[in-house]
$ cat final35.cif   # mmCIF, C-alpha atoms
data_entry
#
loop_
_atom_site.group_PDB
_atom_site.id
_atom_site.type_symbol
_atom_site.label_atom_id
_atom_site.label_comp_id
_atom_site.auth_asym_id
_atom_site.auth_seq_id
_atom_site.Cartn_x
_atom_site.Cartn_y
_atom_site.Cartn_z
ATOM 1 C CA MET A 21 83.277 107.802 98.020
ATOM 2 C CA ALA A 22 84.182 109.181 94.598
ATOM 3 C CA ARG A 23 81.554 111.111 92.657
ATOM 4 C CA ARG A 24 80.229 109.873 89.328
ATOM 5 C CA GLY A 25 83.159 109.947 86.905
ATOM 6 C CA GLY A 26 85.605 110.402 89.792
ATOM 7 C CA GLN A 27 88.762 108.547 90.756
ATOM 8 C CA THR A 28 89.773 106.656 93.856
ATOM 9 C CA ILE A 29 93.544 106.463 94.362
ATOM 10 C CA LEU A 30 94.856 103.596 96.507
ATOM 11 C CA VAL A 31 97.799 104.805 98.585
ATOM 12 C CA GLY A 32 100.061 102.719 100.790
ATOM 13 C CA VAL A 33 101.608 99.291 100.616
ATOM 14 C CA PRO A 34 99.313 96.487 101.754
ATOM 15 C CA PRO A 35 100.435 92.899 102.290
ATOM 16 C CA MET A 36 100.766 90.994 99.008
ATOM 17 C CA ASP A 37 97.713 88.792 99.685
ATOM 18 C CA VAL A 38 95.218 91.638 100.296
ATOM 19 C CA MET A 39 92.360 91.733 97.778
ATOM 20 C CA VAL A 40 90.021 94.632 96.958
ATOM 21 C CA THR A 41 86.374 93.908 96.138
ATOM 22 C CA VAL A 42 84.362 96.496 94.230
ATOM 23 C CA PRO A 43 80.853 96.067 92.798
ATOM 24 C CA ALA A 44 81.727 96.289 89.105
ATOM 25 C CA MET A 45 78.428 97.129 87.428
ATOM 26 C CA ILE A 46 77.021 99.761 89.798
ATOM 27 C CA GLY A 47 80.265 100.661 91.568
ATOM 28 C CA LEU A 48 82.415 101.305 88.504
ATOM 29 C CA ILE A 49 80.766 100.930 85.106
ATOM 30 C CA VAL A 50 77.442 102.724 85.528
ATOM 31 C CA GLN A 51 79.025 105.401 87.723
ATOM 32 C CA GLU A 52 82.016 105.767 85.333
ATOM 33 C CA LYS A 53 84.454 105.648 88.252
ATOM 34 C CA THR A 54 88.151 104.761 88.153
ATOM 35 C CA VAL A 55 90.280 102.976 90.750
ATOM 36 C CA LYS A 56 94.030 103.566 90.465
ATOM 37 C CA GLY A 57 97.095 102.585 92.415
ATOM 38 C CA CYS A 58 99.878 104.944 93.378
ATOM 39 C CA TRP A 59 103.545 104.044 93.869
ATOM 40 C CA TYR A 60 105.854 106.644 95.477
ATOM 41 C CA GLY A 61 103.297 109.341 94.767
ATOM 42 C CA SER A 62 103.446 108.365 91.078
ATOM 43 C CA SER A 63 106.243 110.881 90.805
ATOM 44 C CA ASP A 64 109.085 111.037 88.337
ATOM 45 C CA VAL A 65 112.091 111.036 90.667
ATOM 46 C CA ARG A 66 114.512 112.434 88.077
ATOM 47 C CA ARG A 67 112.191 115.360 87.378
ATOM 48 C CA ASP A 68 110.521 115.954 90.738
ATOM 49 C CA VAL A 69 113.371 115.649 93.270
ATOM 50 C CA PRO A 70 115.464 118.420 91.641
ATOM 51 C CA ARG A 71 112.343 120.615 91.560
ATOM 52 C CA LEU A 72 111.662 119.981 95.240
ATOM 53 C CA ILE A 73 115.287 120.736 96.149
ATOM 54 C CA ASP A 74 115.101 123.983 94.182
ATOM 55 C CA LEU A 75 111.865 124.994 95.924
ATOM 56 C CA TYR A 76 113.415 124.208 99.321
ATOM 57 C CA ARG A 77 116.545 126.238 98.581
ATOM 58 C CA LYS A 78 114.415 129.210 97.478
ATOM 59 C CA GLY A 79 112.428 129.005 100.708
ATOM 60 C CA ASP A 80 109.188 128.119 98.899
ATOM 61 C CA LEU A 81 109.019 124.575 100.317
ATOM 62 C CA LYS A 82 108.913 124.711 104.109
ATOM 63 C CA LEU A 83 110.506 121.493 105.366
ATOM 64 C CA ASP A 84 112.412 122.700 108.423
ATOM 65 C CA GLU A 85 109.131 123.546 110.140
ATOM 66 C CA LEU A 86 108.086 119.890 109.883
ATOM 67 C CA ILE A 87 110.983 118.719 112.067
ATOM 68 C CA SER A 88 110.134 118.511 115.761
ATOM 69 C CA ARG A 89 113.578 117.535 116.989
ATOM 70 C CA GLU A 90 117.073 116.571 115.865
ATOM 71 C CA ILE A 91 118.535 113.557 117.650
ATOM 72 C CA LYS A 92 121.746 111.563 117.750
ATOM 73 C CA LEU A 93 121.661 107.962 116.574
ATOM 74 C CA ASP A 94 122.126 106.637 120.099
ATOM 75 C CA ALA A 95 118.881 108.384 121.148
ATOM 76 C CA ILE A 96 116.759 106.633 118.511
ATOM 77 C CA ASN A 97 114.748 104.626 121.055
ATOM 78 C CA ASP A 98 113.895 107.788 122.989
ATOM 79 C CA ALA A 99 112.778 109.403 119.724
ATOM 80 C CA PHE A 100 110.415 106.510 118.981
ATOM 81 C CA GLU A 101 108.944 106.772 122.481
ATOM 82 C CA ALA A 102 108.450 110.530 122.077
ATOM 83 C CA MET A 103 106.698 109.899 118.770
ATOM 84 C CA LYS A 104 104.429 107.229 120.300
ATOM 85 C CA THR A 105 103.364 109.549 123.118
ATOM 86 C CA GLY A 106 102.720 112.418 120.714
ATOM 87 C CA GLU A 107 105.460 114.590 122.193
ATOM 88 C CA VAL A 108 106.978 115.060 118.715
ATOM 89 C CA ALA A 109 105.779 114.437 115.166
ATOM 90 C CA ARG A 110 109.118 113.969 113.389
ATOM 91 C CA SER A 111 112.672 113.580 114.534
ATOM 92 C CA VAL A 112 115.668 113.777 112.247
ATOM 93 C CA VAL A 113 118.652 111.567 113.035
ATOM 94 C CA VAL A 114 121.928 113.483 112.844
ATOM 95 C CA TYR A 115 125.027 111.291 112.729
#

$ encode --input "final35.cif" --output "structure tokens"
Amino acid sequence: MARRGGQTILVGVPPMDVMVTVPAMIGLIVQEKTVKGCWYGSSDVRRDVPRLIDLYRKGDLKLDELISREIKLDAINDAFEAMKTGEVARSVVVY
């Protein structure tokens, strides 16, 4: 669903034997589209992680609000059940 000249970025990790079929002439060449893969957000870990930590420490990157609950390791099964039922979005394991 990319526009003419647009890009489609494949995100996620499929099984190794999964193939992608794209109509080359009309789907890519004539429409001047690009299909790219993305690994770990195509980030540069050495550059980006320190930046993200700095933003978090300054209060500009809101991560705490994304945590629904903190749990102990022995409550991990309960946390998975709560996630399956939609009771929580994310739990952080504190050990």

$ residues_around --input "final35.cif" --residues "region 30-36 of chain A" --least-positions-apart "2" --cutoff "9 Å" --atoms "only C-alpha atoms" --output "VMD selection string"
chain A and resid 28 38 to 39 55 to 61

$ closest_residue --input "final35.cif" --among "A:Leu72, A:Val108, A:Met21, A:Val113" --to "Lys92 (chain A)" --atoms "all atoms listed in the file"
A:Val113

$ atom_distance --input "final35.cif" --atom1 "CA of Val65 (chain A)" --atom2 "CA of Ala99 (chain A)"
29.1 Å

$ atom_distance --input "final35.cif" --atom1 "CA of Val42 (chain A)" --atom2 "CA of Asp64 (chain A)"
29.3 Å

$ atom_distance --input "final35.cif" --atom1 "CA of Ala95 (chain A)" --atom2 "CA of Glu107 (chain A)"
14.8 Å

$ residues_around --input "final35.cif" --residues "region 100-102 of chain A" --least-positions-apart "6" --cutoff "12 Å" --atoms "only C-alpha atoms" --output "ChimeraX atom specification"
/A:88-89,91,93-94,108-113

$ resolve_selection --input "final35.cif" --expression "the PyMOL selection byres ((chain A and resi 23-25) around 12)" --output "PyMOL selection string"
chain A and resi 21-22+26-28+46-55

$ write_last_selection --input "final35.cif" --atoms "C-alpha atoms" --output "short mmCIF file (atom, residue, chain, number, x, y, z; two decimals), in the frame of the given file"
data_model
loop_
_atom_site.label_atom_id
_atom_site.label_comp_id
_atom_site.auth_asym_id
_atom_site.auth_seq_id
_atom_site.Cartn_x
_atom_site.Cartn_y
_atom_site.Cartn_z
CA MET A 21 83.28 107.80 98.02
CA ALA A 22 84.18 109.18 94.60
CA GLY A 26 85.60 110.40 89.79
CA GLN A 27 88.76 108.55 90.76
CA THR A 28 89.77 106.66 93.86
CA ILE A 46 77.02 99.76 89.80
CA GLY A 47 80.26 100.66 91.57
CA LEU A 48 82.42 101.30 88.50
CA ILE A 49 80.77 100.93 85.11
CA VAL A 50 77.44 102.72 85.53
CA GLN A 51 79.03 105.40 87.72
CA GLU A 52 82.02 105.77 85.33
CA LYS A 53 84.45 105.65 88.25
CA THR A 54 88.15 104.76 88.15
CA VAL A 55 90.28 102.98 90.75
#
